[in-house]
>>> print(open('target-v3.txt').read())   # compact mmCIF, C-alpha atoms
# COMPACT_ATOMS: atom_id res chain seq x y z
CA MET A 1 67.38 -181.26 9.28
CA TYR A 2 69.91 -178.56 10.07
CA PRO A 3 72.78 -179.62 12.36
CA PHE A 4 72.67 -178.08 15.84
CA VAL A 5 75.99 -176.61 16.97
CA THR A 6 76.64 -177.05 20.68
CA PRO A 7 78.66 -174.15 22.14
CA PRO A 8 81.54 -175.05 24.45
CA ARG A 9 81.01 -174.70 28.16
CA GLN A 10 84.45 -173.12 28.51
CA VAL A 11 87.15 -171.91 26.10
CA LYS A 12 90.90 -171.42 26.24
CA ILE A 13 92.52 -167.99 26.40
CA GLY A 14 93.17 -167.81 22.66
CA ALA A 15 89.51 -168.36 21.79
CA ALA A 16 88.43 -165.91 24.52
CA ALA A 17 90.78 -163.24 23.17
CA ALA A 18 89.61 -163.78 19.58
CA PHE A 19 85.94 -163.47 20.49
CA ALA A 20 86.45 -160.37 22.68
CA GLY A 21 88.63 -158.68 20.06
CA THR A 22 91.75 -158.50 22.18
CA THR A 23 94.93 -160.53 22.73
CA PRO A 24 95.97 -163.22 25.20
CA ARG A 25 98.66 -160.86 26.45
CA ALA A 26 96.05 -158.19 27.26
CA ILE A 27 93.90 -160.72 29.09
CA ARG A 28 96.87 -161.83 31.20
CA HIS A 29 97.47 -158.16 32.04
CA TYR A 30 93.84 -157.81 33.13
CA HIS A 31 94.44 -160.73 35.49
CA GLN A 32 97.61 -159.15 36.89
CA ILE A 33 95.94 -155.84 37.75
CA GLY A 34 92.80 -157.45 39.15
CA LEU A 35 90.49 -156.21 36.43
CA LEU A 36 89.49 -159.72 35.35
CA PRO A 37 89.36 -162.51 37.96
CA GLU A 38 91.63 -165.36 36.96
CA PRO A 39 89.56 -168.47 36.20
CA GLU A 40 90.42 -171.95 37.33
CA ARG A 41 92.78 -174.00 35.22
CA GLY A 42 91.81 -177.23 33.57
CA GLY A 43 93.50 -180.59 33.83
CA ASP A 44 96.13 -179.50 31.32
CA GLY A 45 97.05 -176.48 33.48
CA ARG A 46 95.52 -173.93 31.12
CA ARG A 47 92.92 -171.35 32.03
CA ARG A 48 89.32 -171.98 31.01
CA TYR A 49 86.96 -169.06 30.43
CA GLY A 50 83.22 -169.34 30.90
CA TYR A 51 80.19 -167.18 30.12
CA ASP A 52 80.71 -164.68 33.00
CA ASP A 53 84.37 -164.24 32.06
CA MET A 54 83.44 -163.48 28.45
CA ILE A 55 80.79 -160.96 29.46
CA ARG A 56 83.35 -159.18 31.63
CA LEU A 57 85.85 -159.19 28.78
CA LEU A 58 83.30 -157.72 26.38
CA TRP A 59 82.49 -154.90 28.80
CA ILE A 60 86.20 -154.23 29.25
CA ARG A 61 86.65 -153.95 25.49
CA ARG A 62 83.66 -151.60 25.12
CA MET A 63 84.95 -149.34 27.90
CA ALA A 64 88.42 -149.34 26.36
CA ASP A 65 86.94 -148.34 23.01
CA VAL A 66 85.47 -145.15 24.50
CA GLY A 67 88.71 -144.31 26.31
CA ILE A 68 87.97 -145.34 29.90
CA SER A 69 91.24 -146.14 31.69
CA LEU A 70 91.94 -149.53 33.25
CA ASP A 71 91.96 -148.02 36.74
CA ASP A 72 88.55 -146.46 36.15
CA MET A 73 87.25 -149.76 34.78
CA ARG A 74 88.33 -151.52 37.94
CA ALA A 75 86.61 -148.89 40.07
CA ALA A 76 83.45 -149.26 37.97
CA PHE A 77 83.38 -153.04 38.41
CA ASP A 78 84.02 -152.69 42.14
CA ASP A 79 81.34 -150.01 42.54
CA SER A 80 78.49 -151.00 44.81
CA GLY A 81 75.87 -148.99 42.95
CA ASP A 82 76.87 -145.46 43.84
CA THR A 83 76.88 -143.38 40.62
CA GLY A 84 79.25 -140.76 42.05
CA ASP A 85 82.40 -142.58 40.96
CA ILE A 86 80.91 -143.23 37.52
CA GLU A 87 80.07 -139.56 37.02
CA GLU A 88 83.57 -138.60 38.10
CA THR A 89 85.02 -141.10 35.64
CA LEU A 90 82.88 -139.75 32.81
CA GLY A 91 83.89 -136.20 33.70
CA ARG A 92 87.56 -137.11 33.44
CA LEU A 93 86.87 -138.89 30.16
CA GLU A 94 85.18 -135.79 28.72
CA GLU A 95 88.16 -133.66 29.75
CA SER A 96 90.54 -136.16 28.16
CA LEU A 97 88.57 -136.23 24.92
CA ALA A 98 88.45 -132.43 24.82
CA ALA A 99 92.23 -132.31 25.22
CA GLN A 100 92.64 -134.87 22.44
CA GLU A 101 90.35 -132.86 20.17
CA ALA A 102 92.36 -129.71 20.86
CA ASP A 103 95.57 -131.60 20.13
CA ILE A 104 94.16 -132.89 16.83
CA LYS A 105 93.09 -129.35 15.93
CA ARG A 106 96.63 -128.08 16.59
CA ARG A 107 98.10 -130.89 14.49
CA ARG A 108 95.74 -130.18 11.60
CA ALA A 109 96.67 -126.50 11.76
CA ALA A 110 100.37 -127.42 11.69
CA VAL A 111 99.86 -129.65 8.66
CA ALA A 112 97.93 -126.86 6.92
CA ARG A 113 100.75 -124.40 7.64
CA LEU A 114 103.31 -126.88 6.36
CA ARG A 115 101.35 -127.34 3.13
CA ALA A 116 100.88 -123.60 2.67
CA VAL A 117 104.49 -122.68 3.37
CA GLY A 118 105.96 -125.67 1.60
CA SER A 119 109.05 -125.84 3.82
CA PRO A 120 110.04 -126.84 7.37
CA GLN A 121 109.22 -123.24 8.33
CA GLY A 122 105.61 -124.41 8.55
CA LEU A 123 106.51 -126.64 11.49
CA LEU A 124 107.20 -123.59 13.63
CA SER A 125 104.33 -122.18 15.67
CA GLU A 126 101.56 -120.25 14.00
CA LEU A 127 102.72 -117.04 15.65
CA VAL A 128 106.18 -117.36 14.06
CA THR A 129 104.98 -118.64 10.69
CA ASP A 130 102.48 -115.79 10.33
CA ARG A 131 105.13 -113.19 11.09
CA LEU A 132 107.44 -114.63 8.45
CA GLY A 133 104.65 -115.24 5.94
CA HIS A 134 105.39 -112.19 3.77
CA LEU A 135 108.94 -113.30 3.01
CA PRO A 136 109.53 -114.92 -0.38
CA PRO A 137 110.40 -118.64 -0.56
CA GLY A 138 114.02 -119.30 0.32
CA ALA A 139 114.47 -115.98 2.12
CA LEU A 140 115.27 -117.80 5.36
CA ARG A 141 118.30 -119.99 5.63
CA ALA A 142 118.39 -123.36 7.34
CA SER A 143 120.46 -121.87 10.16
CA ASP A 144 117.81 -119.15 10.66
CA MET A 145 115.05 -121.71 11.09
CA GLU A 146 117.25 -123.80 13.39
CA ALA A 147 117.77 -120.78 15.63
CA LEU A 148 114.03 -120.04 15.69
CA LEU A 149 113.31 -123.69 16.48
CA VAL A 150 115.67 -123.66 19.48
CA THR A 151 114.33 -120.32 20.69
CA GLU A 152 110.78 -121.59 20.49
CA ARG A 153 111.71 -124.64 22.55
CA ILE A 154 113.22 -122.48 25.29
CA PHE A 155 111.16 -119.29 25.27
CA GLY A 156 107.97 -120.43 23.55
CA PRO A 157 106.23 -119.05 20.43
CA LEU A 158 106.34 -115.45 21.63
CA GLY A 159 110.10 -115.48 22.15
CA SER A 160 110.65 -117.04 18.75
CA ALA A 161 108.28 -114.56 17.06
CA LEU A 162 110.20 -111.67 18.58
CA GLN A 163 113.49 -113.13 17.37
CA ALA A 164 111.98 -113.51 13.91
CA GLY A 165 112.33 -109.75 13.48
CA VAL A 166 116.09 -110.18 13.17
CA TYR A 167 115.72 -112.70 10.36
CA ILE A 168 113.17 -110.52 8.57
CA VAL A 169 115.75 -107.73 8.52
CA LEU A 170 118.50 -110.09 7.36
CA ALA A 171 116.25 -111.41 4.59
CA THR A 172 115.43 -107.90 3.35
CA HIS A 173 118.82 -106.18 3.79
CA PRO A 174 121.54 -107.83 1.67
CA ASP A 175 124.29 -105.70 3.23
CA LEU A 176 123.36 -106.81 6.73
CA ARG A 177 123.08 -110.43 5.60
CA ALA A 178 126.56 -110.24 4.06
CA GLU A 179 127.99 -108.84 7.30
CA GLU A 180 126.16 -111.55 9.28
CA ASP A 181 127.74 -114.22 7.11
CA ARG A 182 131.19 -112.67 7.45
CA LEU A 183 130.93 -112.53 11.23
CA ASP A 184 129.63 -116.11 11.40
CA GLU A 185 132.72 -117.26 9.51
CA ALA A 186 135.01 -115.17 11.71
CA GLU A 187 133.48 -116.59 14.89
CA ALA A 188 133.69 -120.13 13.53
CA ALA A 189 137.43 -119.56 13.00
CA LEU A 190 137.81 -119.00 16.76
CA ASP A 191 138.45 -122.70 17.28
CA ASP A 192 140.21 -124.52 20.08
CA GLY A 193 143.57 -123.39 18.71
CA VAL A 194 142.78 -119.75 19.51
CA ASP A 195 143.54 -118.46 22.99
CA PRO A 196 140.59 -116.68 24.67
CA ASP A 197 142.87 -113.67 25.24
CA ASP A 198 143.84 -113.47 21.57
CA PRO A 199 143.26 -109.89 20.30
CA ARG A 200 141.07 -111.29 17.51
CA VAL A 201 138.46 -112.25 20.08
CA GLU A 202 137.94 -108.68 21.22
CA GLU A 203 138.09 -107.39 17.65
CA ILE A 204 135.36 -109.76 16.45
CA ALA A 205 133.26 -109.06 19.57
CA VAL A 206 133.31 -105.32 18.82
CA GLN A 207 132.38 -105.98 15.20
CA ARG A 208 129.52 -108.27 16.27
CA TYR A 209 128.28 -105.60 18.68
CA THR A 210 128.41 -102.97 15.94
CA HIS A 211 126.48 -105.31 13.65
CA HIS A 212 123.92 -105.98 16.38
CA MET A 213 123.28 -102.26 16.77
CA ALA A 214 122.87 -101.91 13.00
CA LEU A 215 120.29 -104.71 13.10
CA MET A 216 118.40 -102.96 15.90
CA ARG A 217 118.32 -99.72 13.91
CA ALA A 218 117.01 -101.57 10.86
CA ILE A 219 114.33 -103.24 12.98
CA THR A 220 113.21 -99.84 14.26
CA ALA A 221 113.25 -98.30 10.77
CA ALA A 222 111.07 -101.14 9.48
CA GLY A 223 108.57 -100.69 12.32
CA LEU A 224 109.23 -104.20 13.59
CA ASP A 225 109.77 -102.93 17.13
CA THR A 226 106.19 -101.61 17.10
CA ALA A 227 105.04 -105.01 15.90
CA ASP A 228 106.93 -106.55 18.82
CA ASP A 229 104.98 -104.37 21.25
CA GLU A 230 101.73 -105.47 19.64
CA LEU A 231 102.75 -109.11 20.00
CA PHE A 232 103.26 -108.61 23.72
CA GLU A 233 99.83 -107.03 24.04
CA THR A 234 97.87 -109.54 21.98
CA TYR A 235 99.69 -112.80 22.65
CA ASP A 236 97.52 -115.37 24.39
CA ALA A 237 99.56 -118.29 25.68
CA ASP A 238 96.44 -120.41 26.06
CA LEU A 239 95.94 -120.35 22.30
CA ALA A 240 99.51 -121.39 21.54
CA GLU A 241 101.56 -124.45 22.41
CA GLU A 242 101.35 -125.82 25.93
CA GLU A 243 103.56 -123.68 28.13
CA ASP A 244 104.54 -126.62 30.33
CA THR A 245 106.46 -128.14 27.41
CA ARG A 246 109.07 -125.41 27.74
CA MET A 247 112.13 -125.52 29.94
CA GLY A 248 113.97 -122.76 31.68
CA ALA A 249 116.80 -120.99 29.88
CA LEU A 250 119.40 -122.05 32.46
CA GLU A 251 118.29 -125.67 32.22
CA ALA A 252 118.31 -125.51 28.43
CA ILE A 253 121.90 -124.24 28.36
CA THR A 254 123.02 -127.45 30.06
CA LYS A 255 121.11 -129.66 27.62
CA MET A 256 121.45 -128.02 24.19
CA PRO A 257 124.94 -128.81 22.87
CA TYR A 258 126.98 -126.27 20.96
CA ASP A 259 130.57 -127.10 20.01
CA PHE A 260 131.93 -123.67 20.91
CA SER A 261 135.58 -123.20 21.79
CA PRO A 262 136.64 -121.18 24.87
CA ALA A 263 137.69 -118.35 22.55
CA ARG A 264 134.28 -118.26 20.89
CA MET A 265 132.52 -118.36 24.26
CA ARG A 266 134.68 -115.45 25.38
CA CYS A 267 133.69 -113.53 22.25
CA MET A 268 130.00 -114.11 22.96
CA GLU A 269 130.46 -112.96 26.56
CA ARG A 270 132.11 -109.74 25.39
CA VAL A 271 129.28 -109.04 22.95
CA ALA A 272 126.75 -109.50 25.75
CA GLN A 273 128.77 -107.15 27.98
CA LEU A 274 128.92 -104.48 25.29
CA VAL A 275 125.18 -104.74 24.62
CA GLY A 276 124.50 -104.58 28.35
CA GLN A 277 126.67 -101.50 28.77
CA ASP A 278 124.84 -99.79 25.93
CA ALA A 279 121.46 -100.60 27.49
CA CYS A 280 122.59 -99.18 30.85
CA ALA A 281 123.82 -95.99 29.19
CA ASP A 282 120.40 -95.47 27.56
CA SER A 283 118.44 -96.04 30.77
>>> encode(input="target-v3.txt", output="structure tokens")
Amino acid sequence: MYPFVTPPRQVKIGAAAAFAGTTPRAIRHYHQIGLLPEPERGGDGRRRYGYDDMIRLLWIRRMADVGISLDDMRAAFDDSGDTGDIEETLGRLEESLAAQEADIKRRRAAVARLRAVGSPQGLLSELVTDRLGHLPPGALRASDMEALLVTERIFGPLGSALQAGVYIVLATHPDLRAEEDRLDEAEAALDDGVDPDDPRVEEIAVQRYTHHMALMRAITAAGLDTADDELFETYDADLAEEEDTRMGALEAITKMPYDFSPARMRCMERVAQLVGQDACADS
């Protein structure tokens, strides 16, 4: 004769959690938020869970598995039979799943770009990576990609793709790259020991402005300015990264640290003034 196993009438929280596929901590949280009524305690002061408690726990776990939130679960259990709330919950769930699917699609695309490019450049947005795709490996420097990364954070993929034109020119014009490097070193030498009114500040600013204009001419000669116009016309923000992840430029300035001395800041201001004056003269 086979032995007959008698099931317990009630179980402790550990056994309840093991059977439902959850943890005692999760069950205690369900009690705290009112999702699972707290059962009476036994003579030893511990909770005892019966059949109805286990059924409720199993339903909670099934709903959690399909992504229903705890708040929506509570509303479902409290529902008096009206299917309106349930339909609303399912509608929100479908929207959430669609967003998750879109996010997974974006992540897969980023991984594919990273594999194809074989460098951190593939972590930039598709818009930027595609525009730089014709450059040979190693054409971009780490500082170039850092600048594009920061620009993308502030101005989004379109802003970074437009800036990419500068680095395309630098990667394909050795003379301009050499001048860029020289000016970077000269600006870095404007440390805290240099007075903002030092004549070197104005001299370097004029040289940087002259270099900037040479870059703009090279961009035009390469037809990259026409490509910029096409980007403006065809860019669809809905197909790129979420726009609400960006921050305003003024806010970003207060949060992105750059260890620039007052002399170097003054040099950058003068360059901006010279570029602005040139733009006004052309208008």
>>> residues_around(input="target-v3.txt", residues="stretch 46-60 of chain A", least_positions_apart="2", cutoff="9 Å", atoms="all atoms listed in the file", output="ChimeraX atom specification")
/A:8-13,16-17,19-22,27,35-44,62-65,70,73
>>> closest_residue(input="target-v3.txt", among="A:Gly118, A:Gly91, A:Pro174, A:Pro199", to="A:Ala263", atoms="only C-alpha atoms")
A:Pro199
>>> atom_distance(input="target-v3.txt", atom1="atom CA of A:Ala147", atom2="atom CA of A:Gln163")
8.9 Å
>>> residues_around(input="target-v3.txt", residues="A:Asp181", least_positions_apart="3", cutoff="12 Å", atoms="all atoms listed in the file", output="PyMOL selection string")
chain A and resi 141+143-144+170+174-178+184-188+208+211
>>> closest_residue(input="target-v3.txt", among="A:Ile68, A:Ala15, A:Ala281, A:Ser261", to="A:Gly193", atoms="only C-alpha atoms")
A:Ser261
>>> closest_residue(input="target-v3.txt", among="A:Thr226, A:Gln273, A:Thr151, A:Thr172", to="A:Leu132", atoms="all atoms listed in the file")
A:Thr172
>>> build_atoms(input="target-v3.txt", residues="stretch 5-22 of chain A", atoms="N, CA and C atoms", output="PDB file, keeping the file's coordinate frame")
ATOM      1  N   VAL A   5      74.635-176.784  16.456  1.00  0.00           N
ATOM      2  CA  VAL A   5      75.990-176.610  16.970  1.00  0.00           C
ATOM      3  C   VAL A   5      75.923-176.381  18.477  1.00  0.00           C
ATOM      4  N   THR A   6      76.609-177.187  19.216  1.00  0.00           N
ATOM      5  CA  THR A   6      76.640-177.050  20.680  1.00  0.00           C
ATOM      6  C   THR A   6      77.809-176.169  21.081  1.00  0.00           C
ATOM      7  N   PRO A   7      77.551-175.026  21.727  1.00  0.00           N
ATOM      8  CA  PRO A   7      78.660-174.150  22.140  1.00  0.00           C
ATOM      9  C   PRO A   7      79.454-174.812  23.266  1.00  0.00           C
ATOM     10  N   PRO A   8      80.727-174.476  23.365  1.00  0.00           N
ATOM     11  CA  PRO A   8      81.540-175.050  24.450  1.00  0.00           C
ATOM     12  C   PRO A   8      81.125-174.454  25.787  1.00  0.00           C
ATOM     13  N   ARG A   9      81.320-175.201  26.821  1.00  0.00           N
ATOM     14  CA  ARG A   9      81.010-174.700  28.160  1.00  0.00           C
ATOM     15  C   ARG A   9      82.101-173.740  28.626  1.00  0.00           C
ATOM     16  N   GLN A  10      83.315-173.993  28.193  1.00  0.00           N
ATOM     17  CA  GLN A  10      84.450-173.120  28.510  1.00  0.00           C
ATOM     18  C   GLN A  10      85.392-173.096  27.304  1.00  0.00           C
ATOM     19  N   VAL A  11      86.200-172.024  27.210  1.00  0.00           N
ATOM     20  CA  VAL A  11      87.150-171.910  26.100  1.00  0.00           C
ATOM     21  C   VAL A  11      88.527-171.532  26.661  1.00  0.00           C
ATOM     22  N   LYS A  12      89.544-171.794  25.853  1.00  0.00           N
ATOM     23  CA  LYS A  12      90.900-171.420  26.240  1.00  0.00           C
ATOM     24  C   LYS A  12      91.125-169.936  25.972  1.00  0.00           C
ATOM     25  N   ILE A  13      92.252-169.435  26.449  1.00  0.00           N
ATOM     26  CA  ILE A  13      92.520-167.990  26.400  1.00  0.00           C
ATOM     27  C   ILE A  13      92.575-167.460  24.973  1.00  0.00           C
ATOM     28  N   GLY A  14      93.094-168.260  24.039  1.00  0.00           N
ATOM     29  CA  GLY A  14      93.170-167.810  22.660  1.00  0.00           C
ATOM     30  C   GLY A  14      91.802-167.560  22.063  1.00  0.00           C
ATOM     31  N   ALA A  15      90.871-168.514  22.307  1.00  0.00           N
ATOM     32  CA  ALA A  15      89.510-168.360  21.790  1.00  0.00           C
ATOM     33  C   ALA A  15      88.804-167.201  22.474  1.00  0.00           C
ATOM     34  N   ALA A  16      89.041-167.018  23.782  1.00  0.00           N
ATOM     35  CA  ALA A  16      88.430-165.910  24.520  1.00  0.00           C
ATOM     36  C   ALA A  16      88.904-164.566  23.963  1.00  0.00           C
ATOM     37  N   ALA A  17      90.220-164.485  23.693  1.00  0.00           N
ATOM     38  CA  ALA A  17      90.780-163.240  23.170  1.00  0.00           C
ATOM     39  C   ALA A  17      90.219-162.952  21.779  1.00  0.00           C
ATOM     40  N   ALA A  18      90.114-163.977  20.941  1.00  0.00           N
ATOM     41  CA  ALA A  18      89.610-163.780  19.580  1.00  0.00           C
ATOM     42  C   ALA A  18      88.172-163.294  19.595  1.00  0.00           C
ATOM     43  N   PHE A  19      87.344-163.859  20.452  1.00  0.00           N
ATOM     44  CA  PHE A  19      85.940-163.470  20.490  1.00  0.00           C
ATOM     45  C   PHE A  19      85.778-162.047  21.036  1.00  0.00           C
ATOM     46  N   ALA A  20      86.576-161.688  22.055  1.00  0.00           N
ATOM     47  CA  ALA A  20      86.450-160.370  22.680  1.00  0.00           C
ATOM     48  C   ALA A  20      87.129-159.278  21.850  1.00  0.00           C
ATOM     49  N   GLY A  21      87.931-159.669  20.872  1.00  0.00           N
ATOM     50  CA  GLY A  21      88.630-158.680  20.060  1.00  0.00           C
ATOM     51  C   GLY A  21      89.853-158.111  20.741  1.00  0.00           C
ATOM     52  N   THR A  22      90.543-158.945  21.494  1.00  0.00           N
ATOM     53  CA  THR A  22      91.750-158.500  22.180  1.00  0.00           C
ATOM     54  C   THR A  22      92.833-159.561  21.994  1.00  0.00           C
TER      55      THR A  22
END
